[in-house]
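File shown here: query.txt, holding compact mmCIF, C-alpha atoms and all ligand atoms.
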# COMPACT_ATOMS: atom_id res chain seq x y z
CA MET A 1 0.00 0.00 0.00
CA ASP A 2 1.39 3.33 -1.05
CA GLU A 3 0.64 5.47 1.96
CA GLN A 4 2.00 8.99 2.06
CA ARG A 5 1.48 12.13 4.03
CA TYR A 6 0.91 15.41 2.33
CA SER A 7 0.86 19.02 3.28
CA ARG A 8 -2.46 20.83 3.03
CA ARG A 9 -1.35 22.49 -0.22
CA ASP A 10 -0.16 19.18 -1.69
CA PHE A 11 -3.43 17.61 -0.72
CA MET A 12 -5.46 20.28 -2.44
CA GLN A 13 -3.45 19.89 -5.64
CA MET A 14 -3.71 16.12 -5.57
CA ALA A 15 -7.35 16.25 -4.67
CA GLY A 16 -8.03 18.40 -7.70
CA VAL A 17 -6.28 15.92 -9.96
CA GLY A 18 -8.00 12.98 -8.33
CA GLY A 19 -11.44 14.46 -8.78
CA LEU A 20 -11.96 15.91 -5.32
CA VAL A 21 -12.24 19.61 -4.72
CA PHE A 22 -11.33 20.64 -1.23
CA ALA A 23 -12.65 24.08 -0.38
CA SER A 24 -12.22 24.23 3.35
CA GLY A 25 -11.25 27.69 4.44
CA LEU A 26 -10.23 28.71 0.98
CA PRO A 27 -11.39 32.19 0.07
CA GLY A 28 -12.17 32.39 -3.60
CA CYS A 29 -12.44 28.65 -4.01
CA ALA A 30 -16.15 28.75 -4.68
CA THR A 31 -16.16 26.94 -7.99
CA TYR A 32 -17.30 23.40 -8.00
CA GLY A 33 -15.26 21.62 -10.62
CA GLN A 34 -17.25 20.90 -13.75
CA SER A 35 -20.44 19.58 -12.22
CA ARG A 36 -23.03 20.76 -9.79
CA PRO A 37 -23.59 18.89 -6.54
CA ASP A 38 -26.56 16.55 -6.44
CA PHE A 39 -26.88 16.83 -2.70
CA ASN A 40 -25.08 17.80 0.44
CA PHE A 41 -24.79 16.28 3.86
CA ILE A 42 -23.41 17.47 7.17
CA GLN A 43 -20.87 15.69 9.34
CA LEU A 44 -21.06 16.37 13.06
CA SER A 45 -18.53 14.57 15.23
CA ASP A 46 -17.23 13.96 18.72
CA ILE A 47 -19.96 15.61 20.73
CA HIS A 48 -18.78 14.04 24.03
CA TRP A 49 -22.02 14.86 25.82
CA GLY A 50 -21.31 14.67 29.56
CA TYR A 51 -17.78 16.07 29.27
CA ASP A 52 -17.14 18.64 31.96
CA ASN A 53 -13.98 20.73 32.14
CA PRO A 54 -14.58 24.48 32.04
CA LYS A 55 -10.90 25.16 31.32
CA VAL A 56 -11.34 23.36 28.00
CA ASN A 57 -14.97 24.13 27.19
CA PRO A 58 -16.94 26.34 29.60
CA ASP A 59 -19.96 25.97 27.30
CA SER A 60 -19.97 22.16 27.27
CA LYS A 61 -23.75 22.07 27.54
CA GLY A 62 -24.34 24.75 24.92
CA THR A 63 -21.96 23.99 22.05
CA LEU A 64 -24.06 21.27 20.40
CA ARG A 65 -27.19 23.36 20.78
CA LYS A 66 -25.49 26.28 19.02
CA ALA A 67 -24.45 24.01 16.16
CA ILE A 68 -27.98 22.60 15.88
CA ALA A 69 -29.45 26.11 15.75
CA THR A 70 -27.06 27.07 12.95
CA VAL A 71 -27.66 23.88 10.97
CA ASN A 72 -31.41 24.34 11.27
CA ASN A 73 -31.10 27.76 9.66
CA LEU A 74 -28.68 26.99 6.84
CA GLU A 75 -29.61 28.54 3.51
CA GLN A 76 -28.97 25.23 1.82
CA PRO A 77 -30.46 22.52 4.05
CA PRO A 78 -28.69 19.15 3.95
CA ASP A 79 -30.25 15.97 2.59
CA PHE A 80 -29.04 14.28 5.76
CA ILE A 81 -26.86 14.75 8.79
CA VAL A 82 -24.49 12.13 10.13
CA PHE A 83 -22.89 11.98 13.58
CA THR A 84 -19.55 10.20 13.26
CA GLY A 85 -19.16 8.86 16.79
CA ASP A 86 -18.31 9.85 20.35
CA LEU A 87 -21.81 11.11 20.92
CA THR A 88 -21.12 10.94 24.66
CA GLN A 89 -18.19 11.15 27.03
CA THR A 90 -17.16 7.76 28.34
CA THR A 91 -18.19 6.65 31.81
CA ASP A 92 -17.77 3.43 33.79
CA ASP A 93 -21.34 3.73 35.07
CA PRO A 94 -23.80 1.99 32.70
CA LYS A 95 -26.71 4.07 34.06
CA VAL A 96 -24.90 7.34 33.41
CA ARG A 97 -23.91 6.10 29.94
CA ARG A 98 -27.55 5.49 29.12
CA GLN A 99 -28.60 8.82 30.58
CA ARG A 100 -26.04 10.67 28.46
CA LEU A 101 -27.11 8.78 25.34
CA ARG A 102 -30.78 9.64 26.03
CA GLU A 103 -29.97 13.32 26.55
CA PHE A 104 -27.90 13.39 23.37
CA ARG A 105 -30.64 11.59 21.40
CA ASP A 106 -33.25 14.09 22.57
CA MET A 107 -31.12 17.07 21.54
CA ALA A 108 -30.29 15.55 18.16
CA ALA A 109 -34.04 15.14 17.60
CA GLU A 110 -34.23 18.93 17.35
CA LEU A 111 -32.32 18.83 14.06
CA LYS A 112 -34.49 19.71 11.09
CA ALA A 113 -33.33 17.37 8.35
CA PRO A 114 -35.03 14.66 6.32
CA LYS A 115 -32.70 12.10 7.85
CA VAL A 116 -30.26 12.02 10.79
CA LEU A 117 -27.87 9.09 10.99
CA PHE A 118 -25.67 7.95 13.83
CA PHE A 119 -22.90 5.59 14.68
CA ALA A 120 -20.87 5.09 17.81
CA GLY A 121 -17.39 6.11 18.90
CA GLU A 122 -15.23 4.30 21.42
CA HIS A 123 -16.46 6.66 24.16
CA ASP A 124 -20.00 5.40 23.56
CA ALA A 125 -19.41 1.75 22.91
CA SER A 126 -16.04 0.26 23.79
CA LEU A 127 -16.85 -0.57 27.41
CA ASP A 128 -19.97 -2.60 26.64
CA ARG A 129 -19.46 -3.50 22.97
CA GLY A 130 -22.20 -1.08 21.97
CA GLU A 131 -24.95 -2.47 24.18
CA ALA A 132 -26.16 0.86 25.62
CA TYR A 133 -25.70 2.59 22.27
CA GLN A 134 -27.90 0.05 20.50
CA GLU A 135 -30.46 0.18 23.27
CA ILE A 136 -30.82 3.98 23.22
CA ILE A 137 -29.80 5.11 19.73
CA GLY A 138 -30.68 1.85 17.98
CA GLY A 139 -29.58 0.25 14.75
CA PRO A 140 -26.56 -1.89 13.90
CA LEU A 141 -22.99 -0.77 14.60
CA TYR A 142 -22.06 -1.08 10.91
CA TYR A 143 -24.33 -0.73 7.92
CA THR A 144 -24.74 0.67 4.42
CA PHE A 145 -27.19 2.98 2.76
CA ASP A 146 -27.54 4.55 -0.67
CA HIS A 147 -28.38 8.14 -1.37
CA LYS A 148 -28.91 9.64 -4.83
CA GLY A 149 -26.50 7.24 -6.47
CA VAL A 150 -23.78 7.32 -3.81
CA HIS A 151 -23.07 4.20 -1.76
CA PHE A 152 -22.34 4.92 1.90
CA ILE A 153 -20.61 2.37 4.13
CA VAL A 154 -20.51 2.85 7.90
CA LEU A 155 -17.69 0.87 9.53
CA ASP A 156 -17.37 0.03 13.23
CA ASN A 157 -13.77 0.31 14.41
CA ILE A 158 -14.67 1.12 18.00
CA SER A 159 -16.78 -1.56 19.66
CA ASP A 160 -13.83 -3.95 19.74
CA PRO A 161 -11.35 -2.14 22.00
CA ALA A 162 -8.38 -3.81 20.21
CA PRO A 163 -9.17 -1.58 18.14
CA ILE A 164 -10.10 -3.60 15.08
CA LEU A 165 -12.82 -4.02 12.51
CA GLY A 166 -12.54 -7.78 12.90
CA ALA A 167 -12.66 -10.63 10.40
CA LYS A 168 -16.46 -10.82 10.35
CA GLN A 169 -16.90 -7.15 9.42
CA ILE A 170 -14.11 -7.26 6.84
CA GLU A 171 -15.82 -10.23 5.19
CA TRP A 172 -19.10 -8.31 5.25
CA LEU A 173 -17.36 -5.35 3.59
CA LYS A 174 -15.90 -7.62 0.93
CA THR A 175 -19.37 -9.00 0.13
CA ASP A 176 -20.88 -5.51 -0.01
CA LEU A 177 -18.15 -4.12 -2.27
CA ALA A 178 -18.47 -7.07 -4.66
CA ARG A 179 -21.91 -5.70 -5.56
CA GLN A 180 -20.50 -2.28 -6.56
CA GLN A 181 -19.25 -1.19 -9.98
CA PRO A 182 -15.56 -0.13 -10.14
CA ASP A 183 -16.56 3.48 -10.80
CA ALA A 184 -19.33 3.58 -8.19
CA PRO A 185 -19.15 6.61 -5.89
CA ILE A 186 -18.42 5.24 -2.43
CA VAL A 187 -18.24 7.17 0.83
CA VAL A 188 -16.98 5.40 3.94
CA LEU A 189 -18.00 6.80 7.31
CA THR A 190 -16.13 5.62 10.37
CA HIS A 191 -14.86 6.88 13.72
CA ARG A 192 -11.16 6.12 13.97
CA PRO A 193 -8.81 6.64 11.04
CA LEU A 194 -8.54 3.47 8.96
CA PHE A 195 -4.88 4.26 8.24
CA SER A 196 -2.16 4.50 10.89
CA LEU A 197 -2.13 8.21 11.58
CA TYR A 198 -0.53 7.93 15.02
CA PRO A 199 -1.07 4.62 16.81
CA GLN A 200 0.69 5.88 19.95
CA TRP A 201 -2.30 8.14 20.51
CA ASP A 202 -4.84 5.52 19.47
CA TRP A 203 -5.20 7.22 16.09
CA ALA A 204 -5.32 4.05 14.01
CA THR A 205 -7.28 0.88 13.32
CA ARG A 206 -5.11 -2.19 13.63
CA ASP A 207 -6.68 -3.97 10.66
CA GLY A 208 -7.82 -0.81 8.86
CA MET A 209 -5.50 -1.45 5.93
CA ALA A 210 -7.48 -4.59 5.14
CA ALA A 211 -10.51 -2.36 4.53
CA ILE A 212 -8.45 0.13 2.51
CA ASP A 213 -7.07 -2.72 0.38
CA LEU A 214 -10.63 -3.86 -0.35
CA LEU A 215 -11.57 -0.29 -1.35
CA MET A 216 -8.53 0.26 -3.59
CA PRO A 217 -10.04 -1.21 -6.80
CA TYR A 218 -12.81 1.39 -6.66
CA LYS A 219 -12.01 4.66 -8.35
CA ASN A 220 -14.24 7.04 -6.41
CA VAL A 221 -13.79 6.51 -2.69
CA ALA A 222 -13.58 9.00 0.16
CA VAL A 223 -13.49 8.34 3.90
CA PHE A 224 -14.91 10.71 6.51
CA TYR A 225 -14.06 10.12 10.13
CA GLY A 226 -13.75 11.80 13.55
CA HIS A 227 -11.84 10.75 16.68
CA ILE A 228 -8.83 13.07 16.33
CA HIS A 229 -10.80 16.27 17.03
CA HIS A 230 -9.26 18.42 14.33
CA GLU A 231 -9.45 18.83 10.60
CA HIS A 232 -7.02 16.52 8.83
CA HIS A 233 -6.64 15.26 5.26
CA HIS A 234 -4.62 12.32 4.06
CA MET A 235 -4.31 10.14 0.96
CA THR A 236 -3.75 6.39 0.82
CA GLY A 237 -3.15 5.96 -2.88
CA HIS A 238 -6.16 7.59 -4.57
CA ILE A 239 -8.40 7.31 -1.48
CA ALA A 240 -8.89 10.53 0.49
CA HIS A 241 -9.42 10.47 4.26
CA HIS A 242 -10.95 13.52 5.96
CA ALA A 243 -11.07 13.97 9.74
CA ALA A 244 -13.61 16.38 11.20
CA GLN A 245 -13.42 18.78 14.09
CA SER A 246 -15.12 18.05 17.42
CA LEU A 247 -18.04 19.88 18.98
CA MET A 248 -16.58 19.62 22.49
CA PHE A 249 -12.79 20.05 22.54
CA PRO A 250 -9.95 20.22 20.02
CA LEU A 251 -6.96 17.87 20.35
CA SER A 252 -3.38 18.80 19.55
CA PRO A 253 -2.35 17.66 16.08
CA VAL A 254 0.45 15.10 15.78
CA GLY A 255 3.86 16.63 16.28
CA THR A 256 2.62 19.71 18.11
CA ALA A 257 2.73 18.28 21.65
CA PRO A 258 4.56 15.43 23.38
CA GLN A 259 1.26 14.00 24.64
CA LYS A 260 -2.22 13.95 23.20
CA THR A 261 -3.58 17.17 24.66
CA GLN A 262 -7.01 18.74 24.96
CA LEU A 263 -6.43 22.32 23.91
CA PRO A 264 -7.50 24.89 26.51
CA TRP A 265 -10.31 27.37 25.95
CA ASP A 266 -9.16 30.72 24.58
CA ALA A 267 -11.45 33.46 25.89
CA ALA A 268 -10.19 35.78 23.16
CA GLN A 269 -11.28 33.26 20.52
CA PRO A 270 -14.16 31.28 21.99
CA TYR A 271 -15.01 27.98 20.22
CA LYS A 272 -11.73 28.09 18.34
CA GLY A 273 -10.95 24.63 16.98
CA LEU A 274 -14.55 23.45 17.27
CA GLY A 275 -16.78 22.98 14.28
CA TYR A 276 -18.35 20.69 11.72
CA ARG A 277 -18.53 20.36 7.96
CA THR A 278 -20.80 20.27 4.98
CA VAL A 279 -20.00 17.91 2.13
CA GLN A 280 -21.38 18.32 -1.35
CA ALA A 281 -21.51 15.23 -3.52
CA THR A 282 -22.47 14.16 -7.01
CA ALA A 283 -24.00 10.92 -8.17
CA ALA A 284 -21.35 10.85 -10.89
CA GLY A 285 -18.80 10.22 -8.14
CA THR A 286 -16.44 12.95 -7.21
CA PRO A 287 -15.88 15.86 -6.97
CA GLN A 288 -16.98 16.34 -3.42
CA ARG A 289 -16.58 19.75 -1.94
CA MET A 290 -16.21 20.35 1.77
CA GLN A 291 -16.65 23.41 3.87
CA GLU A 292 -15.67 23.63 7.52
CA LEU A 293 -18.12 25.62 9.60
CA PRO A 294 -17.33 27.22 12.97
CA VAL A 295 -19.48 27.24 16.11
CA LYS A 296 -21.01 30.66 16.45
CA ALA A 297 -21.15 32.23 19.92
FE FE B 301 -13.74 11.89 20.51

With the file now loaded, output its structure as structure tokens.
Amino acid sequence: MDEQRYSRRDFMQMAGVGGLVFASGLPGCATYGQSRPDFNFIQLSDIHWGYDNPKVNPDSKGTLRKAIATVNNLEQPPDFIVFTGDLTQTTDDPKVRRQRLREFRDMAAELKAPKVLFFAGEHDASLDRGEAYQEIIGGPLYYTFDHKGVHFIVLDNISDPAPILGAKQIEWLKTDLARQQPDAPIVVLTHRPLFSLYPQWDWATRDGMAAIDLLMPYKNVAVFYGHIHHEHHHMTGHIAHHAAQSLMFPLSPVGTAPQKTQLPWDAAQPYKGLGYRTVQATAAGTPQRMQELPVKA
């Protein structure tokens, strides 16, 4: 597997060549390649409901609500919204876990969108293999759905604390992909990075490359994930991987701190490092265009 790391500028250039247009934070980059988007969706990630540290986020109970209010008033409403894991902050107490999941579910119900999708992060599901998550949020831990010609695959790399996808899920993925055409537009949604971004900080999936290898024959694949609490873009061959910001606390990027660090609140720049993204997609495959949106005070 040809896995390389690229600078943001390199990524943008490559992404353009590979059929992706990356518009995050780029003034003047409002064009959309040669085709118009068929739909857009929103990725919200790492909500960590129940987290409580005012030095890191003094508005821990209000940040998600602010994002929901903004999303509900977007000029261009999304076709669907997806939460990419860590809906709640981890707890050893199964009752508290359920309470947090219920509170999160009730807030997410305020979103005005035709469809809101969920999957778990390790904070929600690794201590009980997803039992509370499935009880309160419902649905399987990995699944697929199709939307306007794009095939979406949700992968679970969190309920097994190893952390792995596991042989059963990889076989399931193989069977699902066998039904797709080589040029089918495929979007993978998962929590941890599938590639080894930084295993020392748990920023990897031990058998993630098995999934990437299965995806490699397909020309139009992008992966959206969370877990690392900051925007990050990476290519494995022609497959683009995009990490989203958190809605609770930003984490230090690799190489900027000796330890994985929750970045402290900056009163001069409240909500800095927190946010979410819109993704525009076409049924013809790529390009997909992303825009990172901040939390508004
Ligand atoms: Fe998280």

task = Find the residue from A:Ile42, A:Ala67, A:Pro140, A:Lys61 that sits nearest to Glu103 in chain A; use all atoms listed in the file when measuring.
result =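 Of all the options, A:Lys61 lies closest to Glu103 in chain A.
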
task = Would you please work out which residue, of A:Leu247, A:Leu263, A:Val223, A:Leu111, is nearest to ligand FE 301 (chain B) when using all atoms listed in the file?
result =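 Counting all atoms listed in the file, the residue closest to ligand FE 301 (chain B) is A:Leu247.
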
ask   = Hey, can you check how far CA of Asp128 in chain A sits from CA of Arg102 in chain A?
value =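 Result for CA of Asp128 in chain A versus CA of Arg102 in chain A: 16.3 Å, one decimal.
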
key: Nearby polymer residues, ligand FE 301 (chain B), at most 9 Å, all atoms listed in the file, as an NGL selection string   = :A and (45-48 or 85-89 or 121-123 or 191 or 226-229 or 246 or 248-249)

request  = List the neighbours of Ala167 in chain A out to 10 Å using only C-alpha atoms; skip same-chain residues closer than 6 positions along the sequence, and give me the result as a list in words.
outcome  =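 Skipping anything fewer than 6 positions along the chain leaves Leu173, Asp207 and Ala210 of chain A.
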
If you keep C-alpha atoms, can you produce a file of those selected residues as a compact mmCIF listing (two decimals), keeping the file's coordinate frame?
# COMPACT_ATOMS: atom_id res chain seq x y z
CA LEU A 173 -17.36 -5.35 3.59
CA ASP A 207 -6.68 -3.97 10.66
CA ALA A 210 -7.48 -4.59 5.14

request  = Could you tell me how far CA of Ile170 in chain A lies from CA of Leu194 in chain A, in Å and to one decimal?
outcome  =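 CA of Leu194 in chain A lies 12.3 Å from CA of Ile170 in chain A.
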
ask   = Given the choices A:Pro264, A:Gly62, A:Pro199, A:Pro193, which gets closest to His234 in chain A if the distance is worked out from all atoms listed in the file?
value = A:Pro193

message = What's the separation between CA of Thr84 in chain A and CA of Ala120 in chain A, in Å to one decimal place?
response =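 Taking CA of Thr84 in chain A as the start and CA of Ala120 in chain A as the end point, the length is 7.0 Å.
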
ask   = Taking only C-alpha atoms into account, which of A:Tyr276, A:Phe104, A:Tyr51, A:Tyr133 comes nearest Ala244 in chain A?
value = A:Tyr276

With 5 Å added on each side, what axis-aligned box encloses every listed atom of range 186-203 of chain A? Give the centre and edge lengths in Å to one decimal, as JSON.
{"center_x": -8.9, "center_y": 5.8, "center_z": 9.0, "size_x": 29.1, "size_y": 14.7, "size_z": 32.9}

inquiry  = Show me the residues close to (-9.8, 25.3, 26.4) - anything with an atom within 7 Å, counting only C-alpha atoms - and format the list as a list in words.
reply    =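 The residues that fall inside the cut-off are Lys55, Val56, Asn57, Leu263, Pro264, Trp265 and Asp266 of chain A.
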
task = Can you pull out every residue within 6 Å of Ala222 in chain A, counting only C-alpha atoms, but drop anything in the same chain fewer than 2 positions away, and send it as an NGL selection string?
result = :A and (187 or 239-240)

task = Extract, using only C-alpha atoms, all DNA, RNA and protein residues at most 12 Å from Phe119 in chain A, discarding same-chain residues fewer than 6 positions from it, and format them as a PyMOL selection string.
result = chain A and resi 43-46+81-88+101+105+125+130+133-134+136-144+153-159+189-192+225-226

query = Which of these residues is nearest to Lys95 in chain A, using only C-alpha atoms: A:Gln262, A:Ala132, A:Gly255, A:Pro294?
reply =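 For Lys95 in chain A, the nearest of the candidates is A:Ala132.
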
message = Considering all atoms listed in the file, can you say which of A:Ala268, A:Ala283, A:Val221, A:Leu127 comes closest to Asp160 in chain A?
response =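 Under the stated criterion, the closest residue is A:Leu127.
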
task = Can you pull out every residue within 8 Å of Gln280 in chain A, counting only C-alpha atoms, but drop anything in the same chain fewer than 6 positions away, and send it as a list in words?
result = Pro37, Asp38, Phe39, Asn40, Phe41, Gln288, Arg289 and Met290 of chain A

message = Env of His147 in chain A: 9 Å cut, atoms = all atoms listed in the file, seq-sep filter 2 positions within chain, self excluded. Answer as a list in words.
response =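 What passes the distance filter is Phe39, Asp79, Phe145, Gly149, Val150, His151, Phe152 and Ala283 of chain A.
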
Copy range 52-123 of chain A out of the block into a file, keeping C-alpha atoms, as a PDB file, in the first residue's frame.
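That gives us selection_28.pdb:
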ATOM      1  CA  ASP A  52     -17.137  18.636  31.963  1.00  0.00           C
ATOM      2  CA  ASN A  53     -13.982  20.727  32.142  1.00  0.00           C
ATOM      3  CA  PRO A  54     -14.582  24.485  32.041  1.00  0.00           C
ATOM      4  CA  LYS A  55     -10.905  25.160  31.316  1.00  0.00           C
ATOM      5  CA  VAL A  56     -11.337  23.361  28.005  1.00  0.00           C
ATOM      6  CA  ASN A  57     -14.973  24.130  27.194  1.00  0.00           C
ATOM      7  CA  PRO A  58     -16.938  26.345  29.603  1.00  0.00           C
ATOM      8  CA  ASP A  59     -19.960  25.967  27.304  1.00  0.00           C
ATOM      9  CA  SER A  60     -19.974  22.164  27.274  1.00  0.00           C
ATOM     10  CA  LYS A  61     -23.753  22.074  27.543  1.00  0.00           C
ATOM     11  CA  GLY A  62     -24.345  24.751  24.922  1.00  0.00           C
ATOM     12  CA  THR A  63     -21.963  23.991  22.053  1.00  0.00           C
ATOM     13  CA  LEU A  64     -24.057  21.274  20.402  1.00  0.00           C
ATOM     14  CA  ARG A  65     -27.194  23.364  20.780  1.00  0.00           C
ATOM     15  CA  LYS A  66     -25.492  26.282  19.022  1.00  0.00           C
ATOM     16  CA  ALA A  67     -24.451  24.009  16.160  1.00  0.00           C
ATOM     17  CA  ILE A  68     -27.978  22.597  15.880  1.00  0.00           C
ATOM     18  CA  ALA A  69     -29.451  26.107  15.747  1.00  0.00           C
ATOM     19  CA  THR A  70     -27.062  27.070  12.946  1.00  0.00           C
ATOM     20  CA  VAL A  71     -27.660  23.878  10.973  1.00  0.00           C
ATOM     21  CA  ASN A  72     -31.413  24.343  11.266  1.00  0.00           C
ATOM     22  CA  ASN A  73     -31.098  27.759   9.656  1.00  0.00           C
ATOM     23  CA  LEU A  74     -28.679  26.991   6.843  1.00  0.00           C
ATOM     24  CA  GLU A  75     -29.607  28.538   3.512  1.00  0.00           C
ATOM     25  CA  GLN A  76     -28.972  25.230   1.823  1.00  0.00           C
ATOM     26  CA  PRO A  77     -30.457  22.520   4.045  1.00  0.00           C
ATOM     27  CA  PRO A  78     -28.695  19.148   3.947  1.00  0.00           C
ATOM     28  CA  ASP A  79     -30.255  15.970   2.595  1.00  0.00           C
ATOM     29  CA  PHE A  80     -29.042  14.278   5.757  1.00  0.00           C
ATOM     30  CA  ILE A  81     -26.862  14.746   8.793  1.00  0.00           C
ATOM     31  CA  VAL A  82     -24.492  12.132  10.132  1.00  0.00           C
ATOM     32  CA  PHE A  83     -22.888  11.982  13.575  1.00  0.00           C
ATOM     33  CA  THR A  84     -19.551  10.205  13.265  1.00  0.00           C
ATOM     34  CA  GLY A  85     -19.163   8.862  16.791  1.00  0.00           C
ATOM     35  CA  ASP A  86     -18.311   9.848  20.345  1.00  0.00           C
ATOM     36  CA  LEU A  87     -21.806  11.114  20.919  1.00  0.00           C
ATOM     37  CA  THR A  88     -21.123  10.938  24.659  1.00  0.00           C
ATOM     38  CA  GLN A  89     -18.189  11.154  27.033  1.00  0.00           C
ATOM     39  CA  THR A  90     -17.156   7.758  28.339  1.00  0.00           C
ATOM     40  CA  THR A  91     -18.188   6.646  31.813  1.00  0.00           C
ATOM     41  CA  ASP A  92     -17.770   3.428  33.795  1.00  0.00           C
ATOM     42  CA  ASP A  93     -21.342   3.730  35.066  1.00  0.00           C
ATOM     43  CA  PRO A  94     -23.804   1.985  32.698  1.00  0.00           C
ATOM     44  CA  LYS A  95     -26.710   4.066  34.057  1.00  0.00           C
ATOM     45  CA  VAL A  96     -24.903   7.341  33.406  1.00  0.00           C
ATOM     46  CA  ARG A  97     -23.910   6.097  29.941  1.00  0.00           C
ATOM     47  CA  ARG A  98     -27.550   5.485  29.122  1.00  0.00           C
ATOM     48  CA  GLN A  99     -28.603   8.817  30.585  1.00  0.00           C
ATOM     49  CA  ARG A 100     -26.043  10.666  28.460  1.00  0.00           C
ATOM     50  CA  LEU A 101     -27.115   8.784  25.339  1.00  0.00           C
ATOM     51  CA  ARG A 102     -30.777   9.645  26.028  1.00  0.00           C
ATOM     52  CA  GLU A 103     -29.971  13.317  26.551  1.00  0.00           C
ATOM     53  CA  PHE A 104     -27.896  13.392  23.373  1.00  0.00           C
ATOM     54  CA  ARG A 105     -30.642  11.594  21.399  1.00  0.00           C
ATOM     55  CA  ASP A 106     -33.254  14.092  22.568  1.00  0.00           C
ATOM     56  CA  MET A 107     -31.120  17.070  21.541  1.00  0.00           C
ATOM     57  CA  ALA A 108     -30.286  15.550  18.158  1.00  0.00           C
ATOM     58  CA  ALA A 109     -34.045  15.137  17.602  1.00  0.00           C
ATOM     59  CA  GLU A 110     -34.233  18.933  17.349  1.00  0.00           C
ATOM     60  CA  LEU A 111     -32.317  18.829  14.060  1.00  0.00           C
ATOM     61  CA  LYS A 112     -34.486  19.713  11.087  1.00  0.00           C
ATOM     62  CA  ALA A 113     -33.328  17.371   8.352  1.00  0.00           C
ATOM     63  CA  PRO A 114     -35.027  14.657   6.320  1.00  0.00           C
ATOM     64  CA  LYS A 115     -32.697  12.100   7.848  1.00  0.00           C
ATOM     65  CA  VAL A 116     -30.263  12.023  10.786  1.00  0.00           C
ATOM     66  CA  LEU A 117     -27.866   9.095  10.990  1.00  0.00           C
ATOM     67  CA  PHE A 118     -25.669   7.953  13.835  1.00  0.00           C
ATOM     68  CA  PHE A 119     -22.898   5.589  14.677  1.00  0.00           C
ATOM     69  CA  ALA A 120     -20.873   5.094  17.813  1.00  0.00           C
ATOM     70  CA  GLY A 121     -17.390   6.109  18.902  1.00  0.00           C
ATOM     71  CA  GLU A 122     -15.234   4.303  21.418  1.00  0.00           C
ATOM     72  CA  HIS A 123     -16.460   6.658  24.164  1.00  0.00           C
TER      73      HIS A 123
END
